[in-house]
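Colleague: Dropping in model.pdb, which is PDB, C-alpha atoms and all ligand atoms:
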```pdb
ATOM      1  CA  MET A   1     -46.292 -33.941  12.573  1.00  0.00           C
ATOM      2  CA  MET A   2     -44.429 -30.972  13.955  1.00  0.00           C
ATOM      3  CA  ALA A   3     -45.495 -27.490  12.919  1.00  0.00           C
ATOM      4  CA  PHE A   4     -42.733 -25.757  11.031  1.00  0.00           C
ATOM      5  CA  VAL A   5     -43.063 -22.270   9.592  1.00  0.00           C
ATOM      6  CA  VAL A   6     -40.705 -21.110   6.843  1.00  0.00           C
ATOM      7  CA  ARG A   7     -40.165 -17.406   6.234  1.00  0.00           C
ATOM      8  CA  GLN A   8     -37.520 -15.020   4.941  1.00  0.00           C
ATOM      9  CA  ALA A   9     -34.772 -14.344   7.476  1.00  0.00           C
ATOM     10  CA  LEU A  10     -34.832 -10.999   9.288  1.00  0.00           C
ATOM     11  CA  PRO A  11     -31.887  -9.084  10.768  1.00  0.00           C
ATOM     12  CA  SER A  12     -33.304  -9.972  14.200  1.00  0.00           C
ATOM     13  CA  ASP A  13     -32.707 -13.677  13.380  1.00  0.00           C
ATOM     14  CA  GLY A  14     -28.960 -13.002  13.103  1.00  0.00           C
ATOM     15  CA  ALA A  15     -27.989 -14.078  16.611  1.00  0.00           C
ATOM     16  CA  ALA A  16     -29.900 -17.376  16.376  1.00  0.00           C
ATOM     17  CA  MET A  17     -28.424 -17.986  12.941  1.00  0.00           C
ATOM     18  CA  GLY A  18     -24.915 -17.437  14.277  1.00  0.00           C
ATOM     19  CA  GLN A  19     -25.498 -20.105  16.920  1.00  0.00           C
ATOM     20  CA  ILE A  20     -26.888 -22.573  14.373  1.00  0.00           C
ATOM     21  CA  HIS A  21     -24.128 -21.869  11.891  1.00  0.00           C
ATOM     22  CA  VAL A  22     -21.385 -22.658  14.397  1.00  0.00           C
ATOM     23  CA  ALA A  23     -23.169 -25.679  15.933  1.00  0.00           C
ATOM     24  CA  ALA A  24     -23.920 -27.161  12.492  1.00  0.00           C
ATOM     25  CA  TRP A  25     -20.318 -26.739  11.352  1.00  0.00           C
ATOM     26  CA  ARG A  26     -18.945 -28.313  14.519  1.00  0.00           C
ATOM     27  CA  SER A  27     -21.265 -31.247  14.025  1.00  0.00           C
ATOM     28  CA  ALA A  28     -20.591 -31.749  10.327  1.00  0.00           C
ATOM     29  CA  TYR A  29     -16.862 -31.102  10.193  1.00  0.00           C
ATOM     30  CA  VAL A  30     -15.378 -32.678  13.315  1.00  0.00           C
ATOM     31  CA  GLY A  31     -12.426 -34.727  12.062  1.00  0.00           C
ATOM     32  CA  VAL A  32     -12.610 -32.978   8.680  1.00  0.00           C
ATOM     33  CA  ILE A  33     -11.615 -29.385   9.578  1.00  0.00           C
ATOM     34  CA  SER A  34      -9.055 -28.890  12.363  1.00  0.00           C
ATOM     35  CA  ASP A  35     -10.352 -28.890  15.961  1.00  0.00           C
ATOM     36  CA  SER A  36      -8.630 -25.567  16.620  1.00  0.00           C
ATOM     37  CA  TYR A  37     -10.501 -23.908  13.745  1.00  0.00           C
ATOM     38  CA  LEU A  38     -13.852 -25.373  14.804  1.00  0.00           C
ATOM     39  CA  GLU A  39     -13.301 -24.472  18.463  1.00  0.00           C
ATOM     40  CA  GLY A  40     -12.379 -20.944  17.440  1.00  0.00           C
ATOM     41  CA  LEU A  41     -15.623 -20.295  15.579  1.00  0.00           C
ATOM     42  CA  ASP A  42     -17.497 -17.605  17.461  1.00  0.00           C
ATOM     43  CA  ALA A  43     -21.297 -17.677  17.300  1.00  0.00           C
ATOM     44  CA  THR A  44     -21.571 -14.004  18.301  1.00  0.00           C
ATOM     45  CA  THR A  45     -19.305 -12.905  15.460  1.00  0.00           C
ATOM     46  CA  PHE A  46     -21.200 -15.061  12.957  1.00  0.00           C
ATOM     47  CA  GLY A  47     -24.482 -13.679  14.320  1.00  0.00           C
ATOM     48  CA  LEU A  48     -23.380 -10.068  13.886  1.00  0.00           C
ATOM     49  CA  ARG A  49     -22.272 -10.845  10.332  1.00  0.00           C
ATOM     50  CA  TRP A  50     -25.616 -12.414   9.517  1.00  0.00           C
ATOM     51  CA  GLU A  51     -27.455  -9.495  11.060  1.00  0.00           C
ATOM     52  CA  ALA A  52     -25.468  -6.946   9.025  1.00  0.00           C
ATOM     53  CA  SER A  53     -25.792  -8.957   5.825  1.00  0.00           C
ATOM     54  CA  LEU A  54     -29.571  -9.275   6.250  1.00  0.00           C
ATOM     55  CA  ARG A  55     -29.961  -5.611   7.206  1.00  0.00           C
ATOM     56  CA  GLU A  56     -28.014  -4.431   4.169  1.00  0.00           C
ATOM     57  CA  SER A  57     -29.202  -7.218   1.815  1.00  0.00           C
ATOM     58  CA  THR A  58     -25.627  -7.444   0.565  1.00  0.00           C
ATOM     59  CA  GLY A  59     -25.335 -11.174   0.070  1.00  0.00           C
ATOM     60  CA  GLY A  60     -27.095 -11.479  -3.296  1.00  0.00           C
ATOM     61  CA  SER A  61     -29.041 -14.495  -2.067  1.00  0.00           C
ATOM     62  CA  THR A  62     -32.458 -15.100  -0.547  1.00  0.00           C
ATOM     63  CA  VAL A  63     -32.100 -16.317   3.031  1.00  0.00           C
ATOM     64  CA  LEU A  64     -34.859 -18.449   4.555  1.00  0.00           C
ATOM     65  CA  VAL A  65     -35.322 -19.772   8.065  1.00  0.00           C
ATOM     66  CA  VAL A  66     -37.611 -22.442   9.444  1.00  0.00           C
ATOM     67  CA  MET A  67     -39.168 -21.860  12.837  1.00  0.00           C
ATOM     68  CA  ARG A  68     -40.447 -24.340  15.358  1.00  0.00           C
ATOM     69  CA  ASP A  69     -42.247 -22.951  18.421  1.00  0.00           C
ATOM     70  CA  ASP A  70     -41.067 -19.426  17.487  1.00  0.00           C
ATOM     71  CA  ARG A  71     -37.441 -20.540  17.465  1.00  0.00           C
ATOM     72  CA  VAL A  72     -35.201 -20.621  14.381  1.00  0.00           C
ATOM     73  CA  VAL A  73     -34.082 -24.239  13.900  1.00  0.00           C
ATOM     74  CA  ALA A  74     -32.560 -24.203  10.400  1.00  0.00           C
ATOM     75  CA  MET A  75     -31.520 -21.747   7.716  1.00  0.00           C
ATOM     76  CA  CYS A  76     -30.639 -21.761   4.043  1.00  0.00           C
ATOM     77  CA  ALA A  77     -29.680 -19.379   1.256  1.00  0.00           C
ATOM     78  CA  VAL A  78     -30.476 -19.664  -2.446  1.00  0.00           C
ATOM     79  CA  GLY A  79     -29.664 -17.534  -5.455  1.00  0.00           C
ATOM     80  CA  PRO A  80     -27.916 -17.573  -8.790  1.00  0.00           C
ATOM     81  CA  PHE A  81     -25.084 -20.035  -9.433  1.00  0.00           C
ATOM     82  CA  ARG A  82     -22.078 -18.214  -7.970  1.00  0.00           C
ATOM     83  CA  ASP A  83     -19.537 -19.607 -10.455  1.00  0.00           C
ATOM     84  CA  ARG A  84     -21.597 -18.938 -13.578  1.00  0.00           C
ATOM     85  CA  ALA A  85     -19.521 -17.972 -16.592  1.00  0.00           C
ATOM     86  CA  GLU A  86     -22.318 -15.950 -18.206  1.00  0.00           C
ATOM     87  CA  PRO A  87     -24.427 -13.423 -16.259  1.00  0.00           C
ATOM     88  CA  ASP A  88     -27.624 -14.798 -17.807  1.00  0.00           C
ATOM     89  CA  ASP A  89     -26.868 -18.448 -16.945  1.00  0.00           C
ATOM     90  CA  PRO A  90     -30.237 -19.654 -15.563  1.00  0.00           C
ATOM     91  CA  THR A  91     -28.674 -22.152 -13.149  1.00  0.00           C
ATOM     92  CA  GLY A  92     -29.480 -21.549  -9.480  1.00  0.00           C
ATOM     93  CA  GLU A  93     -27.534 -22.574  -6.400  1.00  0.00           C
ATOM     94  CA  LEU A  94     -28.340 -23.748  -2.909  1.00  0.00           C
ATOM     95  CA  TRP A  95     -25.637 -21.631  -1.299  1.00  0.00           C
ATOM     96  CA  MET A  96     -26.029 -22.935   2.236  1.00  0.00           C
ATOM     97  CA  LEU A  97     -28.251 -25.167   4.366  1.00  0.00           C
ATOM     98  CA  ASN A  98     -27.616 -25.573   8.093  1.00  0.00           C
ATOM     99  CA  ALA A  99     -29.854 -27.028  10.782  1.00  0.00           C
ATOM    100  CA  ASP A 100     -29.415 -26.887  14.531  1.00  0.00           C
ATOM    101  CA  PRO A 101     -28.121 -30.327  15.557  1.00  0.00           C
ATOM    102  CA  SER A 102     -31.000 -30.592  18.066  1.00  0.00           C
ATOM    103  CA  SER A 103     -33.312 -30.537  15.020  1.00  0.00           C
ATOM    104  CA  PHE A 104     -31.527 -33.137  12.910  1.00  0.00           C
ATOM    105  CA  GLY A 105     -33.920 -35.857  11.830  1.00  0.00           C
ATOM    106  CA  THR A 106     -37.047 -33.874  12.768  1.00  0.00           C
ATOM    107  CA  GLY A 107     -38.051 -32.892   9.225  1.00  0.00           C
ATOM    108  CA  ALA A 108     -37.113 -29.225   9.680  1.00  0.00           C
ATOM    109  CA  ALA A 109     -34.447 -29.464   6.964  1.00  0.00           C
ATOM    110  CA  VAL A 110     -36.836 -31.314   4.650  1.00  0.00           C
ATOM    111  CA  LYS A 111     -39.395 -28.540   5.001  1.00  0.00           C
ATOM    112  CA  LEU A 112     -36.789 -25.815   4.474  1.00  0.00           C
ATOM    113  CA  HIS A 113     -35.272 -27.615   1.501  1.00  0.00           C
ATOM    114  CA  SER A 114     -38.632 -27.765  -0.247  1.00  0.00           C
ATOM    115  CA  ALA A 115     -39.124 -24.024   0.363  1.00  0.00           C
ATOM    116  CA  ALA A 116     -35.635 -23.429  -1.057  1.00  0.00           C
ATOM    117  CA  LEU A 117     -36.555 -25.287  -4.260  1.00  0.00           C
ATOM    118  CA  GLN A 118     -39.812 -23.365  -4.463  1.00  0.00           C
ATOM    119  CA  THR A 119     -37.888 -20.083  -4.202  1.00  0.00           C
ATOM    120  CA  LEU A 120     -35.400 -21.154  -6.872  1.00  0.00           C
ATOM    121  CA  ALA A 121     -38.327 -22.052  -9.145  1.00  0.00           C
ATOM    122  CA  GLU A 122     -39.963 -18.676  -8.486  1.00  0.00           C
ATOM    123  CA  GLN A 123     -36.676 -17.001  -9.388  1.00  0.00           C
ATOM    124  CA  GLY A 124     -36.836 -18.707 -12.787  1.00  0.00           C
ATOM    125  CA  HIS A 125     -34.214 -21.397 -12.276  1.00  0.00           C
ATOM    126  CA  ARG A 126     -34.787 -24.751 -13.955  1.00  0.00           C
ATOM    127  CA  SER A 127     -31.800 -26.482 -12.390  1.00  0.00           C
ATOM    128  CA  ALA A 128     -29.544 -25.827  -9.438  1.00  0.00           C
ATOM    129  CA  VAL A 129     -26.209 -26.871  -7.995  1.00  0.00           C
ATOM    130  CA  LEU A 130     -24.737 -27.114  -4.514  1.00  0.00           C
ATOM    131  CA  TRP A 131     -21.335 -27.990  -3.079  1.00  0.00           C
ATOM    132  CA  VAL A 132     -21.016 -30.636  -0.360  1.00  0.00           C
ATOM    133  CA  VAL A 133     -17.897 -31.875   1.415  1.00  0.00           C
ATOM    134  CA  ASP A 134     -17.122 -35.465   0.407  1.00  0.00           C
ATOM    135  CA  ARG A 135     -16.625 -36.413   4.078  1.00  0.00           C
ATOM    136  CA  ASN A 136     -20.058 -35.130   5.142  1.00  0.00           C
ATOM    137  CA  PRO A 137     -22.072 -38.354   4.828  1.00  0.00           C
ATOM    138  CA  ARG A 138     -25.153 -37.075   6.615  1.00  0.00           C
ATOM    139  CA  ALA A 139     -25.571 -34.110   4.278  1.00  0.00           C
ATOM    140  CA  ARG A 140     -24.779 -36.213   1.195  1.00  0.00           C
ATOM    141  CA  ARG A 141     -27.389 -38.775   2.228  1.00  0.00           C
ATOM    142  CA  PHE A 142     -29.927 -36.010   2.835  1.00  0.00           C
ATOM    143  CA  TYR A 143     -29.322 -34.392  -0.567  1.00  0.00           C
ATOM    144  CA  GLU A 144     -29.357 -37.716  -2.426  1.00  0.00           C
ATOM    145  CA  ARG A 145     -32.666 -38.576  -0.784  1.00  0.00           C
ATOM    146  CA  GLU A 146     -33.960 -35.160  -1.861  1.00  0.00           C
ATOM    147  CA  GLY A 147     -33.140 -35.786  -5.515  1.00  0.00           C
ATOM    148  CA  TRP A 148     -29.648 -34.324  -5.885  1.00  0.00           C
ATOM    149  CA  ALA A 149     -26.801 -36.238  -7.586  1.00  0.00           C
ATOM    150  CA  ALA A 150     -23.086 -35.624  -8.037  1.00  0.00           C
ATOM    151  CA  ASP A 151     -22.339 -34.226 -11.488  1.00  0.00           C
ATOM    152  CA  GLY A 152     -18.661 -35.187 -11.452  1.00  0.00           C
ATOM    153  CA  VAL A 153     -17.234 -31.706 -10.814  1.00  0.00           C
ATOM    154  CA  GLU A 154     -15.007 -31.566  -7.720  1.00  0.00           C
ATOM    155  CA  ARG A 155     -12.803 -28.947  -6.047  1.00  0.00           C
ATOM    156  CA  ASP A 156     -10.553 -28.466  -3.048  1.00  0.00           C
ATOM    157  CA  ALA A 157     -10.929 -25.629  -0.541  1.00  0.00           C
ATOM    158  CA  GLU A 158      -8.816 -24.496   2.428  1.00  0.00           C
ATOM    159  CA  PHE A 159     -10.370 -24.079   5.869  1.00  0.00           C
ATOM    160  CA  GLY A 160      -8.270 -23.274   8.895  1.00  0.00           C
ATOM    161  CA  GLY A 161      -5.260 -25.132   7.523  1.00  0.00           C
ATOM    162  CA  SER A 162      -7.303 -28.174   6.433  1.00  0.00           C
ATOM    163  CA  THR A 163      -7.869 -29.040   2.785  1.00  0.00           C
ATOM    164  CA  ILE A 164     -11.411 -30.171   2.185  1.00  0.00           C
ATOM    165  CA  HIS A 165     -12.641 -31.881  -0.936  1.00  0.00           C
ATOM    166  CA  GLU A 166     -16.029 -30.793  -2.253  1.00  0.00           C
ATOM    167  CA  LEU A 167     -18.395 -32.463  -4.689  1.00  0.00           C
ATOM    168  CA  ARG A 168     -20.871 -30.578  -6.843  1.00  0.00           C
ATOM    169  CA  TYR A 169     -24.420 -31.870  -6.829  1.00  0.00           C
ATOM    170  CA  VAL A 170     -27.115 -30.935  -9.324  1.00  0.00           C
ATOM    171  CA  ARG A 171     -30.895 -31.192  -9.355  1.00  0.00           C
ATOM    172  CA  GLN A 172     -33.743 -30.148 -11.567  1.00  0.00           C
ATOM    173  CA  VAL A 173     -35.844 -27.383 -10.073  1.00  0.00           C
ATOM    174  CA  THR A 174     -39.563 -27.836 -10.268  1.00  0.00           C
ATOM    175  CA  ALA A 175     -42.124 -25.919  -8.261  1.00  0.00           C
ATOM    176  CA  ILE A 176     -43.703 -28.245  -5.712  1.00  0.00           C
TER     177      ILE A 176
HETATM  178  C1  LIG B 201     -27.562 -31.474   6.154  1.00  0.00           C
HETATM  179  C2  LIG B 201     -28.725 -31.261   7.116  1.00  0.00           C
HETATM  180  C3  LIG B 201     -29.417 -29.944   6.793  1.00  0.00           C
HETATM  181  C4  LIG B 201     -29.732 -32.419   6.887  1.00  0.00           C
HETATM  182  O1  LIG B 201     -30.766 -32.321   7.836  1.00  0.00           O
HETATM  183  P1  LIG B 201     -31.104 -33.581   8.802  1.00  0.00           P
HETATM  184  O2  LIG B 201     -32.290 -33.236   9.607  1.00  0.00           O
HETATM  185  O3  LIG B 201     -29.880 -33.989   9.499  1.00  0.00           O
HETATM  186  O4  LIG B 201     -31.485 -34.674   7.678  1.00  0.00           O
HETATM  187  P2  LIG B 201     -32.296 -36.023   7.860  1.00  0.00           P
HETATM  188  O5  LIG B 201     -32.113 -36.567   9.244  1.00  0.00           O
HETATM  189  O6  LIG B 201     -33.673 -35.783   7.347  1.00  0.00           O
HETATM  190  O7  LIG B 201     -31.548 -36.945   6.810  1.00  0.00           O
HETATM  191  C5  LIG B 201     -30.203 -37.286   6.968  1.00  0.00           C
HETATM  192  C6  LIG B 201     -29.923 -38.606   6.281  1.00  0.00           C
HETATM  193  O8  LIG B 201     -28.602 -39.016   6.581  1.00  0.00           O
HETATM  194  C7  LIG B 201     -28.609 -40.232   7.330  1.00  0.00           C
HETATM  195  N1  LIG B 201     -27.523 -40.100   8.278  1.00  0.00           N
HETATM  196  C8  LIG B 201     -27.550 -39.575   9.504  1.00  0.00           C
HETATM  197  N2  LIG B 201     -26.311 -39.628  10.061  1.00  0.00           N
HETATM  198  C9  LIG B 201     -25.514 -40.197   9.131  1.00  0.00           C
HETATM  199  C10 LIG B 201     -24.140 -40.530   9.096  1.00  0.00           C
HETATM  200  N3  LIG B 201     -23.321 -40.258  10.109  1.00  0.00           N
HETATM  201  N4  LIG B 201     -23.662 -41.135   7.983  1.00  0.00           N
HETATM  202  C11 LIG B 201     -24.458 -41.390   6.929  1.00  0.00           C
HETATM  203  N5  LIG B 201     -25.767 -41.086   6.900  1.00  0.00           N
HETATM  204  C12 LIG B 201     -26.287 -40.505   8.002  1.00  0.00           C
HETATM  205  C13 LIG B 201     -29.990 -40.315   7.913  1.00  0.00           C
HETATM  206  O9  LIG B 201     -30.347 -41.658   8.194  1.00  0.00           O
HETATM  207  C14 LIG B 201     -30.799 -39.735   6.776  1.00  0.00           C
HETATM  208  O10 LIG B 201     -30.900 -40.615   5.683  1.00  0.00           O
HETATM  209  P3  LIG B 201     -32.215 -41.523   5.425  1.00  0.00           P
HETATM  210  O11 LIG B 201     -33.389 -40.607   5.370  1.00  0.00           O
HETATM  211  O12 LIG B 201     -31.936 -42.185   4.121  1.00  0.00           O
HETATM  212  O13 LIG B 201     -32.290 -42.440   6.592  1.00  0.00           O
HETATM  213  C15 LIG B 201     -28.255 -31.252   8.602  1.00  0.00           C
HETATM  214  O14 LIG B 201     -27.755 -32.531   8.956  1.00  0.00           O
HETATM  215  C16 LIG B 201     -27.188 -30.206   8.877  1.00  0.00           C
HETATM  216  O15 LIG B 201     -27.480 -29.020   9.029  1.00  0.00           O
HETATM  217  N6  LIG B 201     -25.932 -30.653   8.998  1.00  0.00           N
HETATM  218  C17 LIG B 201     -24.829 -29.791   9.405  1.00  0.00           C
HETATM  219  C18 LIG B 201     -24.479 -28.741   8.378  1.00  0.00           C
HETATM  220  C19 LIG B 201     -24.328 -29.326   7.005  1.00  0.00           C
HETATM  221  O16 LIG B 201     -23.691 -30.346   6.795  1.00  0.00           O
HETATM  222  N7  LIG B 201     -24.923 -28.629   6.024  1.00  0.00           N
HETATM  223  C20 LIG B 201     -24.828 -28.986   4.638  1.00  0.00           C
HETATM  224  C21 LIG B 201     -23.633 -28.388   4.079  1.00  0.00           C
HETATM  225  S1  LIG B 201     -23.548 -28.660   2.311  1.00  0.00           S
END
```
Can the structure from this file be put into structure tokens for me?

Modeller:
Amino acid sequence: MMAFVVRQALPSDGAAMGQIHVAAWRSAYVGVISDSYLEGLDATTFGLRWEASLRESTGGSTVLVVMRDDRVVAMCAVGPFRDRAEPDDPTGELWMLNADPSSFGTGAAVKLHSAALQTLAEQGHRSAVLWVVDRNPRARRFYEREGWAADGVERDAEFGGSTIHELRYVRQVTAI
């Protein structure tokens, strides 16, 4: 069993998070989002954005990272449901979950996901949603294994000239 440590992300994690963000997207969305868009993603730019967002706490979410051997290997963000119609809607949302491809299948994402649910529970959420691209079978399989299911709501989004189709997944939130 590998030793993973989950903690809140710090501004100093920004650069590592930028690298993971770009690598995870390239892995998940090859053939789904245009090659030119994926090739143009710049890890340094993403890293600086993460650093600023964490420094200023502007995002409105709680950002967690999981470390292995003092290195960030995956990251996630949780918070209130972004599309809620009422401000007091208790639904939470897993805003983002990205692992470094070198850590796929190691359990890092499993560990981080359970910390994400714990955080949502601590924030008072009893259920949560997430959006996943229909053509992202690895992520869909992961979420389904972790107790999420499509709730039938779907939407299209534009990324770098590509239209992607997203499915909404829902899950009960219980402290583990
Ligand atoms: C989604 C993510 C966090 C999951 O972490 P992970 O370590 O890859 O997950 P695991 O290996 O534990 O589980 C993946 C599951 O998909 C399966 N899988 C792997 N590759 C697959 C593929 N190409 N097609 C279908 N299923 C696949 C695995 O067998 C496993 O299922 P199983 O446990 O039933 O065998 C990680 O893959 C990731 O960061 N991906 C890139 C970014 C991303 O897609 N984020 C989610 C956006 S909503």

Colleague: Have a look at CA of His113 (chain A) and CA of Cys76 (chain A) and let me know their distance in Å, one decimal.

Modeller: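 Rounded to one decimal, the two atoms are 7.9 Å apart.
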
Colleague: What's the separation between CA of Leu48 (chain A) and CA of Ala9 (chain A), in Å to one decimal place?

Modeller: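 Atom-to-atom, CA of Leu48 (chain A) to CA of Ala9 (chain A), that is 13.8 Å.
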
Colleague: Which residue is closest to Gly105 (chain A)? Choose from A:Trp25, A:Val73, A:Thr44, A:Ala52 and count only C-alpha atoms.

Modeller: A:Val73

Colleague: Around region 4-8 of chain A, with edges along x, y and z and 4 Å added on all six sides, what centre and edge lengths do you get, in Å to one decimal, as AutoDock Vina command-line options?

Modeller:
```
--center_x -40.3 --center_y -20.4 --center_z 8.0 --size_x 13.5 --size_y 18.7 --size_z 14.1
```

Colleague: Would you list the residues that come within 9 Å of ligand LIG 201 (chain B)? Count all atoms listed in the file and give the answer as a PDB file with C-alpha atoms, in the frame of the given file.

Modeller:
```pdb
ATOM      1  CA  ILE A  20     -26.888 -22.573  14.373  1.00  0.00           C
ATOM      2  CA  HIS A  21     -24.128 -21.869  11.891  1.00  0.00           C
ATOM      3  CA  ALA A  23     -23.169 -25.679  15.933  1.00  0.00           C
ATOM      4  CA  ALA A  24     -23.920 -27.161  12.492  1.00  0.00           C
ATOM      5  CA  TRP A  25     -20.318 -26.739  11.352  1.00  0.00           C
ATOM      6  CA  ARG A  26     -18.945 -28.313  14.519  1.00  0.00           C
ATOM      7  CA  SER A  27     -21.265 -31.247  14.025  1.00  0.00           C
ATOM      8  CA  ALA A  28     -20.591 -31.749  10.327  1.00  0.00           C
ATOM      9  CA  TYR A  29     -16.862 -31.102  10.193  1.00  0.00           C
ATOM     10  CA  ALA A  74     -32.560 -24.203  10.400  1.00  0.00           C
ATOM     11  CA  MET A  75     -31.520 -21.747   7.716  1.00  0.00           C
ATOM     12  CA  CYS A  76     -30.639 -21.761   4.043  1.00  0.00           C
ATOM     13  CA  LEU A  94     -28.340 -23.748  -2.909  1.00  0.00           C
ATOM     14  CA  TRP A  95     -25.637 -21.631  -1.299  1.00  0.00           C
ATOM     15  CA  MET A  96     -26.029 -22.935   2.236  1.00  0.00           C
ATOM     16  CA  LEU A  97     -28.251 -25.167   4.366  1.00  0.00           C
ATOM     17  CA  ASN A  98     -27.616 -25.573   8.093  1.00  0.00           C
ATOM     18  CA  ALA A  99     -29.854 -27.028  10.782  1.00  0.00           C
ATOM     19  CA  ASP A 100     -29.415 -26.887  14.531  1.00  0.00           C
ATOM     20  CA  PRO A 101     -28.121 -30.327  15.557  1.00  0.00           C
ATOM     21  CA  SER A 102     -31.000 -30.592  18.066  1.00  0.00           C
ATOM     22  CA  SER A 103     -33.312 -30.537  15.020  1.00  0.00           C
ATOM     23  CA  PHE A 104     -31.527 -33.137  12.910  1.00  0.00           C
ATOM     24  CA  GLY A 105     -33.920 -35.857  11.830  1.00  0.00           C
ATOM     25  CA  THR A 106     -37.047 -33.874  12.768  1.00  0.00           C
ATOM     26  CA  GLY A 107     -38.051 -32.892   9.225  1.00  0.00           C
ATOM     27  CA  ALA A 108     -37.113 -29.225   9.680  1.00  0.00           C
ATOM     28  CA  ALA A 109     -34.447 -29.464   6.964  1.00  0.00           C
ATOM     29  CA  VAL A 110     -36.836 -31.314   4.650  1.00  0.00           C
ATOM     30  CA  LEU A 112     -36.789 -25.815   4.474  1.00  0.00           C
ATOM     31  CA  HIS A 113     -35.272 -27.615   1.501  1.00  0.00           C
ATOM     32  CA  LEU A 130     -24.737 -27.114  -4.514  1.00  0.00           C
ATOM     33  CA  TRP A 131     -21.335 -27.990  -3.079  1.00  0.00           C
ATOM     34  CA  VAL A 132     -21.016 -30.636  -0.360  1.00  0.00           C
ATOM     35  CA  VAL A 133     -17.897 -31.875   1.415  1.00  0.00           C
ATOM     36  CA  ASN A 136     -20.058 -35.130   5.142  1.00  0.00           C
ATOM     37  CA  PRO A 137     -22.072 -38.354   4.828  1.00  0.00           C
ATOM     38  CA  ARG A 138     -25.153 -37.075   6.615  1.00  0.00           C
ATOM     39  CA  ALA A 139     -25.571 -34.110   4.278  1.00  0.00           C
ATOM     40  CA  ARG A 140     -24.779 -36.213   1.195  1.00  0.00           C
ATOM     41  CA  ARG A 141     -27.389 -38.775   2.228  1.00  0.00           C
ATOM     42  CA  PHE A 142     -29.927 -36.010   2.835  1.00  0.00           C
ATOM     43  CA  TYR A 143     -29.322 -34.392  -0.567  1.00  0.00           C
ATOM     44  CA  GLU A 144     -29.357 -37.716  -2.426  1.00  0.00           C
ATOM     45  CA  ARG A 145     -32.666 -38.576  -0.784  1.00  0.00           C
TER      46      ARG A 145
END
```

Colleague: Spell out the residues picked by the PyMOL selection byres (((chain A and resi 115) around 10) and not hetatm) here, as a PyMOL selection string.

Modeller: chain A and resi 6-7+64-66+76+109-114+116-121+175-176

Colleague: Print the selection's residues with C-alpha atoms to a file, as a PDB file, keeping the file's coordinate frame.

Modeller:
```
ATOM      1  CA  VAL A   6     -40.705 -21.110   6.843  1.00  0.00           C
ATOM      2  CA  ARG A   7     -40.165 -17.406   6.234  1.00  0.00           C
ATOM      3  CA  LEU A  64     -34.859 -18.449   4.555  1.00  0.00           C
ATOM      4  CA  VAL A  65     -35.322 -19.772   8.065  1.00  0.00           C
ATOM      5  CA  VAL A  66     -37.611 -22.442   9.444  1.00  0.00           C
ATOM      6  CA  CYS A  76     -30.639 -21.761   4.043  1.00  0.00           C
ATOM      7  CA  ALA A 109     -34.447 -29.464   6.964  1.00  0.00           C
ATOM      8  CA  VAL A 110     -36.836 -31.314   4.650  1.00  0.00           C
ATOM      9  CA  LYS A 111     -39.395 -28.540   5.001  1.00  0.00           C
ATOM     10  CA  LEU A 112     -36.789 -25.815   4.474  1.00  0.00           C
ATOM     11  CA  HIS A 113     -35.272 -27.615   1.501  1.00  0.00           C
ATOM     12  CA  SER A 114     -38.632 -27.765  -0.247  1.00  0.00           C
ATOM     13  CA  ALA A 116     -35.635 -23.429  -1.057  1.00  0.00           C
ATOM     14  CA  LEU A 117     -36.555 -25.287  -4.260  1.00  0.00           C
ATOM     15  CA  GLN A 118     -39.812 -23.365  -4.463  1.00  0.00           C
ATOM     16  CA  THR A 119     -37.888 -20.083  -4.202  1.00  0.00           C
ATOM     17  CA  LEU A 120     -35.400 -21.154  -6.872  1.00  0.00           C
ATOM     18  CA  ALA A 121     -38.327 -22.052  -9.145  1.00  0.00           C
ATOM     19  CA  ALA A 175     -42.124 -25.919  -8.261  1.00  0.00           C
ATOM     20  CA  ILE A 176     -43.703 -28.245  -5.712  1.00  0.00           C
TER      21      ILE A 176
END
```

Colleague: Specify as a list in words each residue included when the PyMOL selection byres (((chain A and resi 89) around 12) and not hetatm) is applied to this file.

Modeller: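 Here the PyMOL selection byres (((chain A and resi 89) around 12) and not hetatm) matches Gly79, Pro80, Phe81, Arg82, Asp83, Arg84, Ala85, Glu86, Pro87, Asp88, Pro90, Thr91, Gly92, Glu93, Gly124, His125, Arg126, Ser127 and Ala128 of chain A.
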
Colleague: CA of Ala15 (chain A) and CA of Glu56 (chain A), how far apart in Å?

Modeller: 15.7 Å

Colleague: Name the residues captured by the PyMOL selection byres (((chain A and resi 147-163) around 9) and not hetatm) when it is applied to the shown file; answer as number ranges by chain.

Modeller: A: 32-34, 36-38, 129-131, 140, 142-146, 164-172

Colleague: As JSON, numbers by chain, please: the residues near Glu51 (chain A) (cut-off 9 Å, all atoms listed in the file, same-chain neighbours under 5 positions excluded).

Modeller: {"A": [10, 11, 12, 13, 14, 15, 17, 18, 46, 56]}

Colleague: As a list in words, please: the residues near Met67 (chain A) (cut-off 6 Å, only C-alpha atoms, same-chain neighbours under 5 positions excluded).

Modeller: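 The contact residues come out as Phe4, Val5, Val72 and Val73 of chain A.
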
Colleague: Between A:Met2, A:Ala77, A:Glu122, A:Asp69, which residue has the minimum interatomic distance to Trp50 (chain A), considering all atoms listed in the file?

Modeller: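 The closest residue to Trp50 (chain A) is A:Ala77.
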
Colleague: Rank nothing, just name the residue among A:Val22, A:Val30, A:Val63, A:Val78 nearest to Gly47 (chain A), using only C-alpha atoms.

Modeller: A:Val22

Colleague: With distances taken over only C-alpha atoms, which of A:Ser53, A:Arg135, A:Thr174, A:Ala16 is nearest to Gly31 (chain A)?

Modeller: A:Arg135
